[in-house]
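Student: Take this structure, written in structure tokens, and hold onto it; I'll ask about it next.
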Amino acid sequence: MVTSIGRHARWFGAWIAGMASLAVLTHRPLLHAVNGRSETKLPRITREARDLHARLRVVDLHADSLLWPRDLSHRSSRGHVDIPRLLAGNVALQVFSVVTQVPRGQNPVRNRADSDVIGLLAAVSGWPSRTWSDPYERALYQAQHLQALAQENNFSVVRSVTEIDRLLAQRERGATLTGGMLALEGAQPIASDLARIDTLFQHGYRMIGLTHFFDNTVGGSAHGIGRGGLTDFGANVSARMERLGSVVDLAHASPRLVEDVISIAKNPVVVSHTGVQGTCPTRRNLSDHQLDLIKANGGVVGIGYWRGALCDVAPTAFARAARYVATRIGVQHVGLGSDYDGAVSTAFDTSELSVITQTLLDAGFAPNEIELIMGRNVLRVLRAVLPSEAKAAP
């Protein structure tokens with residue numbers, strides 16, 4: 001009897017905690033705040049910056065926009081990304097990262113893997129019941145969500161080098177068009193089933209972040225309990241991704257995991273959204289040693305726009321981090337990693353990305369260097385890794 005009461009008390013306490021987390025995730029004013037705007041002075045956009053920005057092939061490595069109950073086909077005053085704002089910001093390709101599990105009390109230091117609040121968010125957002133308790137089903141559902149947006153005549157989902165080139169060629173010919181690519185934030189939907197990688201690939205996933213805020217079957221998170229390296233299963237996952245043509249993302253990875261993956265990687269990797277300890281010394285951000293590893297691998301570091309990545313939200317903080325990486329390992333390894341709609345506040349949304357172009361010009365970057373940072377570096381990696389044609393997993 002006492003055991004039963006204790007068990008029910010623990011269940012009730014977990015339910016209350018989950019509902020509290022859900023309130024934070026779904027309450028509209030709070031939602032606007034967590035994916036909101038931080039007030040800071042933005043630069044005046046000069047004609048030089050405006051003209052340069054109009055010529056760029058802008059690629060952003062990370063946005064969590066599919067998670068939230070918004071119609072991305074219409075411009076919104078909430079959040080940071082939707083199709084009209086991507087077009088306004090001259091974004092050629094947005095990587096849409098899919099979040100499938102968030103632990104209660106998520107924090108940057110230490111998280112367990114045995115809780116989740118996304119099921120509650122899925123339920124109140126009207127997702128199918130199969131997604132309420134299964135991260136794998138959530139991944140499949142959000143893939144369908146992005147594909148549905150492709151019914152819009154100004155949006156396409158890319159899965160191959162050919163489709164990227166087609167998208168860019170259409171834009172060069174004056175088409176009002178933007179594209180999206182699917183990524184997974186944390187490999188927990190894979191669990192211990194290697195075949196799921198093939199299924200996710202068939203559903204359009206072309207990038208997988210191996211960990212998120214907790215350790216999983218693939219390896220250790222920078223915010224987990226063990227913070228270990230690559231597991232034997234994780235090595236199989238990495239090899240399978242390379243065979244298929246899927247990019248390995250080391251955002252949120254533990255230092256040991258970064259080293260282990262790069263030691264066996266045949267393809268360039270990305271760190272989709274991060275900062276660097278050289279300008280903002282937090283647990284999440286990359287050390288000089290990790291930057292050197294990414295240089296040797298030929299990968300790209302996506303610099304974020306939020307305070308946790310930059311220790312500031314001003315665009316000049318982004319430029320400082322970009323300059324640090326460029327000086328340390330070369331400008332060909334710098335990219336954009338906004339973390340838009342990732343429960344963060346930024347000083348500008350995706351419609352205002354000319355702010356970054358102006359700030360980089362003001363910081364002394366040459367136009368050809370800005371072209372690299374704003375998209376060409378990421379396109380190089382995608383062309384090196386993705387399959388040449390869109391096809392089913394072998």
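So you can find residues: chains in the structure tokens are A, B, ... in the order shown, residues in each start at 1, and ligands are numbered from 1 in order.
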Please report, as JSON lines, each residue of region 277-367 of chain A lying at most 9 Å from region 59-72 of chain A, together with the nearest pair of atoms and the separation in Å rounded to one decimal; use only C-alpha atoms, and order rows by chain and ascending residue number.

Tutor:
{"residue": "A:Gly302", "atom": "CA", "partner": "A:Leu61", "partner_atom": "CA", "distance": 6.4}
{"residue": "A:Gly304", "atom": "CA", "partner": "A:His62", "partner_atom": "CA", "distance": 8.8}
{"residue": "A:Gly335", "atom": "CA", "partner": "A:Asp60", "partner_atom": "CA", "distance": 7.5}
{"residue": "A:Leu336", "atom": "CA", "partner": "A:Asp60", "partner_atom": "CA", "distance": 5.0}
{"residue": "A:Gly337", "atom": "CA", "partner": "A:Leu61", "partner_atom": "CA", "distance": 4.9}
{"residue": "A:Ser338", "atom": "CA", "partner": "A:His62", "partner_atom": "CA", "distance": 6.0}
{"residue": "A:Asp339", "atom": "CA", "partner": "A:Ala63", "partner_atom": "CA", "distance": 4.9}
{"residue": "A:Tyr340", "atom": "CA", "partner": "A:Ala63", "partner_atom": "CA", "distance": 4.6}
{"residue": "A:Asp341", "atom": "CA", "partner": "A:Asp64", "partner_atom": "CA", "distance": 5.1}
{"residue": "A:Gly342", "atom": "CA", "partner": "A:Asp64", "partner_atom": "CA", "distance": 5.2}
{"residue": "A:Ala343", "atom": "CA", "partner": "A:Asp64", "partner_atom": "CA", "distance": 8.5}

Student: Output N, CA and C atoms for every residue in that selection, as a tab-separated table (two decimals), in the first residue's frame.

Tutor:
chain	number	residue	atom	x	y	z
A	302	GLY	N	29.08	26.48	-37.46
A	302	GLY	CA	27.96	27.41	-37.58
A	302	GLY	C	27.87	28.28	-36.34
A	304	GLY	N	26.27	30.84	-33.84
A	304	GLY	CA	24.91	31.21	-33.47
A	304	GLY	C	24.77	32.69	-33.18
A	335	GLY	N	30.49	29.40	-40.74
A	335	GLY	CA	29.16	29.45	-41.33
A	335	GLY	C	28.15	30.06	-40.38
A	336	LEU	N	26.89	30.08	-40.81
A	336	LEU	CA	25.79	30.59	-40.01
A	336	LEU	C	25.10	29.45	-39.29
A	337	GLY	N	24.87	29.61	-37.99
A	337	GLY	CA	24.17	28.60	-37.20
A	337	GLY	C	23.24	29.27	-36.21
A	338	SER	N	22.20	29.90	-36.72
A	338	SER	CA	21.39	30.84	-35.94
A	338	SER	C	20.80	30.26	-34.65
A	339	ASP	N	20.34	29.01	-34.69
A	339	ASP	CA	19.48	28.43	-33.64
A	339	ASP	C	18.16	29.18	-33.53
A	340	TYR	N	17.70	29.72	-34.64
A	340	TYR	CA	16.41	30.37	-34.66
A	340	TYR	C	15.31	29.42	-34.18
A	341	ASP	N	14.36	29.98	-33.44
A	341	ASP	CA	13.23	29.23	-32.88
A	341	ASP	C	13.67	28.09	-31.98
A	342	GLY	N	14.85	28.21	-31.42
A	342	GLY	CA	15.38	27.18	-30.51
A	342	GLY	C	15.22	27.54	-29.05
A	343	ALA	N	14.11	28.21	-28.71
A	343	ALA	CA	13.87	28.70	-27.35
A	343	ALA	C	14.96	29.69	-26.94

Student: What are the DSSP strand (DSSP E or B) residues of region 85-281 of chain A, as number ranges by chain?

Tutor: A: 91-99, 155-157, 178-185, 205-209, 221, 247-249, 253, 270-274, 276

Student: Quote the spacing between CA of Gly299 (chain A) and CA of Val269 (chain A) in Å to one decimal place.

Tutor: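 About the pair CA of Gly299 (chain A) and CA of Val269 (chain A): they are 4.7 Å apart.
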
Student: Contacts of Tyr141 (chain A) at 8 Å or less, counting only C-alpha atoms, minus same-chain residues fewer than 4 places along, as a PyMOL selection string?

Tutor: chain A and resi 127+131+137+145

Student: Can you list, as a PyMOL selection string, every protein, DNA or RNA residue that comes within 9 Å of Glu369 (chain A) when you count only C-alpha atoms, leaving out same-chain residues fewer than 5 positions away?

Tutor: chain A and resi 331-332+374

Student: Dump as CSV the rows for residues of region 294-344 of chain A within 7 Å of region 348-364 of chain A: closest atom pair and distance in Å with one decimal, only C-alpha atoms counted, ordered by chain and rising residue number.

Tutor:
residue,atom,partner,partner_atom,distance
A:Pro315,CA,A:Thr359,CA,6.4
A:Thr316,CA,A:Thr359,CA,6.2
A:Ala319,CA,A:Leu360,CA,5.8

Student: Env of Ser287 (chain A): 8 Å cut, atoms = only C-alpha atoms, seq-sep filter 6 positions within chain, self excluded. Answer as an NGL selection string.

Tutor: :A and (276-278)

Student: Between region 16-127 of chain A and region 203-207 of chain A, at 10 Å or less, what are the per-residue closest atom pairs and their distances in Å? Count only C-alpha atoms, order by chain and rising residue number, and return it as a Markdown table.

Tutor:
| residue | atom | partner | partner_atom | distance |
| --- | --- | --- | --- | --- |
| A:Leu61 | CA | A:Met207 | CA | 9.8 |
| A:Val95 | CA | A:Met207 | CA | 8.7 |
| A:Phe96 | CA | A:Met207 | CA | 9.7 |
| A:Ser97 | CA | A:Met207 | CA | 8.4 |
| A:Val98 | CA | A:Tyr205 | CA | 9.5 |

Student: Measuring atom to atom with only C-alpha atoms, identify which of A:Ile118, A:Val34, A:Leu230, A:Ala314 is nearest to His80 (chain A).

Tutor: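 Using only C-alpha atoms, His80 (chain A) sits closest to A:Val34.
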
Student: CA of Ala92 (chain A) to CA of Thr178 (chain A): how many Å, to one decimal?

Tutor: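 Pair CA of Ala92 (chain A) / CA of Thr178 (chain A) returns 5.0 Å.
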
Student: Can you list, as a PDB file with all heavy atoms, in the first residue's frame, all residues belonging to region 266-304 of chain A that DSSP tags as alpha helix (DSSP H)?

Tutor:
ATOM      1  N   ASP A 288      39.724  25.743 -28.631  1.00  0.00           N
ATOM      2  CA  ASP A 288      40.685  25.872 -29.728  1.00  0.00           C
ATOM      3  C   ASP A 288      41.072  24.502 -30.273  1.00  0.00           C
ATOM      4  O   ASP A 288      41.242  24.330 -31.488  1.00  0.00           O
ATOM      5  CB  ASP A 288      41.931  26.613 -29.246  1.00  0.00           C
ATOM      6  CG  ASP A 288      41.697  28.099 -29.038  1.00  0.00           C
ATOM      7  OD1 ASP A 288      40.592  28.589 -29.387  1.00  0.00           O
ATOM      8  OD2 ASP A 288      42.609  28.777 -28.522  1.00  0.00           O
ATOM      9  N   HIS A 289      41.232  23.522 -29.383  1.00  0.00           N
ATOM     10  CA  HIS A 289      41.591  22.170 -29.818  1.00  0.00           C
ATOM     11  C   HIS A 289      40.509  21.597 -30.735  1.00  0.00           C
ATOM     12  O   HIS A 289      40.812  20.994 -31.777  1.00  0.00           O
ATOM     13  CB  HIS A 289      41.786  21.275 -28.596  1.00  0.00           C
ATOM     14  CG  HIS A 289      41.989  19.831 -28.934  1.00  0.00           C
ATOM     15  ND1 HIS A 289      43.038  19.396 -29.703  1.00  0.00           N
ATOM     16  CD2 HIS A 289      41.256  18.718 -28.609  1.00  0.00           C
ATOM     17  CE1 HIS A 289      42.967  18.064 -29.836  1.00  0.00           C
ATOM     18  NE2 HIS A 289      41.896  17.642 -29.195  1.00  0.00           N
ATOM     19  N   GLN A 290      39.249  21.798 -30.378  1.00  0.00           N
ATOM     20  CA  GLN A 290      38.165  21.298 -31.218  1.00  0.00           C
ATOM     21  C   GLN A 290      38.131  22.018 -32.562  1.00  0.00           C
ATOM     22  O   GLN A 290      37.866  21.399 -33.603  1.00  0.00           O
ATOM     23  CB  GLN A 290      36.838  21.448 -30.482  1.00  0.00           C
ATOM     24  CG  GLN A 290      36.705  20.493 -29.311  1.00  0.00           C
ATOM     25  CD  GLN A 290      35.505  20.806 -28.436  1.00  0.00           C
ATOM     26  OE1 GLN A 290      35.148  21.981 -28.244  1.00  0.00           O
ATOM     27  NE2 GLN A 290      34.878  19.782 -27.882  1.00  0.00           N
ATOM     28  N   LEU A 291      38.390  23.320 -32.545  1.00  0.00           N
ATOM     29  CA  LEU A 291      38.468  24.054 -33.815  1.00  0.00           C
ATOM     30  C   LEU A 291      39.564  23.478 -34.709  1.00  0.00           C
ATOM     31  O   LEU A 291      39.376  23.308 -35.925  1.00  0.00           O
ATOM     32  CB  LEU A 291      38.731  25.533 -33.562  1.00  0.00           C
ATOM     33  CG  LEU A 291      37.592  26.339 -32.938  1.00  0.00           C
ATOM     34  CD1 LEU A 291      38.052  27.767 -32.653  1.00  0.00           C
ATOM     35  CD2 LEU A 291      36.362  26.349 -33.838  1.00  0.00           C
ATOM     36  N   ASP A 292      40.711  23.155 -34.124  1.00  0.00           N
ATOM     37  CA  ASP A 292      41.805  22.587 -34.909  1.00  0.00           C
ATOM     38  C   ASP A 292      41.410  21.240 -35.519  1.00  0.00           C
ATOM     39  O   ASP A 292      41.776  20.931 -36.665  1.00  0.00           O
ATOM     40  CB  ASP A 292      43.045  22.407 -34.026  1.00  0.00           C
ATOM     41  CG  ASP A 292      43.641  23.730 -33.561  1.00  0.00           C
ATOM     42  OD1 ASP A 292      43.321  24.777 -34.173  1.00  0.00           O
ATOM     43  OD2 ASP A 292      44.405  23.724 -32.583  1.00  0.00           O
ATOM     44  N   LEU A 293      40.663  20.439 -34.772  1.00  0.00           N
ATOM     45  CA  LEU A 293      40.191  19.160 -35.298  1.00  0.00           C
ATOM     46  C   LEU A 293      39.256  19.368 -36.492  1.00  0.00           C
ATOM     47  O   LEU A 293      39.319  18.642 -37.491  1.00  0.00           O
ATOM     48  CB  LEU A 293      39.467  18.374 -34.210  1.00  0.00           C
ATOM     49  CG  LEU A 293      40.305  17.856 -33.034  1.00  0.00           C
ATOM     50  CD1 LEU A 293      39.403  17.214 -31.979  1.00  0.00           C
ATOM     51  CD2 LEU A 293      41.350  16.859 -33.518  1.00  0.00           C
ATOM     52  N   ILE A 294      38.378  20.365 -36.376  1.00  0.00           N
ATOM     53  CA  ILE A 294      37.431  20.639 -37.460  1.00  0.00           C
ATOM     54  C   ILE A 294      38.169  21.150 -38.693  1.00  0.00           C
ATOM     55  O   ILE A 294      37.817  20.803 -39.830  1.00  0.00           O
ATOM     56  CB  ILE A 294      36.357  21.621 -36.978  1.00  0.00           C
ATOM     57  CG1 ILE A 294      35.475  20.922 -35.933  1.00  0.00           C
ATOM     58  CG2 ILE A 294      35.513  22.144 -38.132  1.00  0.00           C
ATOM     59  CD1 ILE A 294      34.650  21.849 -35.103  1.00  0.00           C
ATOM     60  N   LYS A 295      39.217  21.927 -38.494  1.00  0.00           N
ATOM     61  CA  LYS A 295      40.026  22.364 -39.628  1.00  0.00           C
ATOM     62  C   LYS A 295      40.631  21.166 -40.345  1.00  0.00           C
ATOM     63  O   LYS A 295      40.569  21.064 -41.587  1.00  0.00           O
ATOM     64  CB  LYS A 295      41.136  23.300 -39.150  1.00  0.00           C
ATOM     65  CG  LYS A 295      42.088  23.711 -40.274  1.00  0.00           C
ATOM     66  CD  LYS A 295      43.224  24.573 -39.779  1.00  0.00           C
ATOM     67  CE  LYS A 295      44.157  24.963 -40.929  1.00  0.00           C
ATOM     68  NZ  LYS A 295      45.277  25.821 -40.454  1.00  0.00           N
ATOM     69  N   ALA A 296      41.226  20.249 -39.594  1.00  0.00           N
ATOM     70  CA  ALA A 296      41.849  19.072 -40.196  1.00  0.00           C
ATOM     71  C   ALA A 296      40.827  18.220 -40.939  1.00  0.00           C
ATOM     72  O   ALA A 296      41.152  17.583 -41.943  1.00  0.00           O
ATOM     73  CB  ALA A 296      42.547  18.244 -39.115  1.00  0.00           C
ATOM     74  N   ASN A 297      39.596  18.217 -40.453  1.00  0.00           N
ATOM     75  CA  ASN A 297      38.528  17.438 -41.074  1.00  0.00           C
ATOM     76  C   ASN A 297      37.940  18.119 -42.311  1.00  0.00           C
ATOM     77  O   ASN A 297      37.327  17.461 -43.160  1.00  0.00           O
ATOM     78  CB  ASN A 297      37.429  17.193 -40.030  1.00  0.00           C
ATOM     79  CG  ASN A 297      36.135  16.692 -40.608  1.00  0.00           C
ATOM     80  OD1 ASN A 297      35.230  17.477 -40.861  1.00  0.00           O
ATOM     81  ND2 ASN A 297      36.044  15.385 -40.836  1.00  0.00           N
TER      82      ASN A 297
END

Student: Might you pull out every residue within 9 Å of Ala139 (chain A), with only C-alpha atoms counted and same-chain residues fewer than 6 positions away left off, and present them as a PyMOL selection string?

Tutor: chain A and resi 98-100+131+184+189+200

Student: Since we have the selection now, will you write its residues out, keeping N, CA and C atoms, as an mmCIF file, in the first residue's frame?

Tutor:
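Written file, part_23.cif:
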data_model
loop_
_atom_site.group_PDB
_atom_site.id
_atom_site.type_symbol
_atom_site.label_atom_id
_atom_site.label_comp_id
_atom_site.auth_asym_id
_atom_site.auth_seq_id
_atom_site.Cartn_x
_atom_site.Cartn_y
_atom_site.Cartn_z
ATOM 1 N N VAL A 98 15.033 18.979 -36.406
ATOM 2 C CA VAL A 98 13.865 18.399 -35.752
ATOM 3 C C VAL A 98 14.224 17.971 -34.334
ATOM 4 N N VAL A 99 13.550 18.567 -33.368
ATOM 5 C CA VAL A 99 13.716 18.225 -31.955
ATOM 6 C C VAL A 99 12.700 17.140 -31.604
ATOM 7 N N THR A 100 13.147 16.061 -30.986
ATOM 8 C CA THR A 100 12.233 14.959 -30.676
ATOM 9 C C THR A 100 12.136 14.635 -29.194
ATOM 10 N N THR A 131 2.673 10.158 -31.997
ATOM 11 C CA THR A 131 3.856 10.970 -31.696
ATOM 12 C C THR A 131 3.965 11.328 -30.224
ATOM 13 N N LEU A 184 18.209 16.209 -37.958
ATOM 14 C CA LEU A 184 17.721 15.643 -36.703
ATOM 15 C C LEU A 184 18.599 16.149 -35.573
ATOM 16 N N PRO A 189 15.902 9.209 -31.682
ATOM 17 C CA PRO A 189 14.881 8.443 -32.410
ATOM 18 C C PRO A 189 15.412 7.143 -33.010
ATOM 19 N N LEU A 200 14.811 7.170 -41.975
ATOM 20 C CA LEU A 200 14.892 8.619 -41.847
ATOM 21 C C LEU A 200 15.471 9.241 -43.111
#

Student: Find, counting only C-alpha atoms, the residue in A:Ser160, A:Ser125, A:Gln101, A:Ser263 that gets nearest to Ala187 (chain A).

Tutor: A:Gln101

Student: Which neighbours of Val158 (chain A) fall inside 7 Å, counting only C-alpha atoms, when residues of the same chain fewer than 5 positions from it are skipped, and could you give them as a list in words?

Tutor: Glu163, Ile164, Gly179, Gly180 and Met181 of chain A

Student: Can those selected residues be exported to a file as a PDB file, in the first residue's frame so that it contains N, CA, C and O atoms?

Tutor:
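Output (part-v2.pdb):
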ATOM      1  N   GLU A 163      19.477  18.615 -56.484  1.00  0.00           N
ATOM      2  CA  GLU A 163      18.370  19.475 -56.066  1.00  0.00           C
ATOM      3  C   GLU A 163      18.859  20.801 -55.515  1.00  0.00           C
ATOM      4  O   GLU A 163      18.200  21.834 -55.702  1.00  0.00           O
ATOM      5  N   ILE A 164      20.006  20.807 -54.851  1.00  0.00           N
ATOM      6  CA  ILE A 164      20.590  22.075 -54.403  1.00  0.00           C
ATOM      7  C   ILE A 164      20.953  22.932 -55.610  1.00  0.00           C
ATOM      8  O   ILE A 164      20.629  24.132 -55.673  1.00  0.00           O
ATOM      9  N   GLY A 179      14.659  27.244 -50.054  1.00  0.00           N
ATOM     10  CA  GLY A 179      14.667  25.806 -49.854  1.00  0.00           C
ATOM     11  C   GLY A 179      14.910  25.423 -48.407  1.00  0.00           C
ATOM     12  O   GLY A 179      15.376  26.227 -47.598  1.00  0.00           O
ATOM     13  N   GLY A 180      14.572  24.180 -48.091  1.00  0.00           N
ATOM     14  CA  GLY A 180      14.799  23.647 -46.760  1.00  0.00           C
ATOM     15  C   GLY A 180      15.433  22.271 -46.834  1.00  0.00           C
ATOM     16  O   GLY A 180      15.258  21.542 -47.812  1.00  0.00           O
ATOM     17  N   MET A 181      16.184  21.927 -45.799  1.00  0.00           N
ATOM     18  CA  MET A 181      16.773  20.593 -45.680  1.00  0.00           C
ATOM     19  C   MET A 181      16.522  20.073 -44.279  1.00  0.00           C
ATOM     20  O   MET A 181      16.626  20.818 -43.305  1.00  0.00           O
TER      21      MET A 181
END

Student: Between CA of Asp260 (chain A) and CA of Gly186 (chain A), what is the spacing in Å?

Tutor: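 Between CA of Gly186 (chain A) and CA of Asp260 (chain A) the gap works out to 16.7 Å.
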
Student: Identify which of the residues A:Arg328, A:Arg138, A:Arg173, A:His223 lies closest to Arg112 (chain A), counting only C-alpha atoms when measuring atom-to-atom distances.

Tutor: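 The closest residue to Arg112 (chain A) is A:His223.
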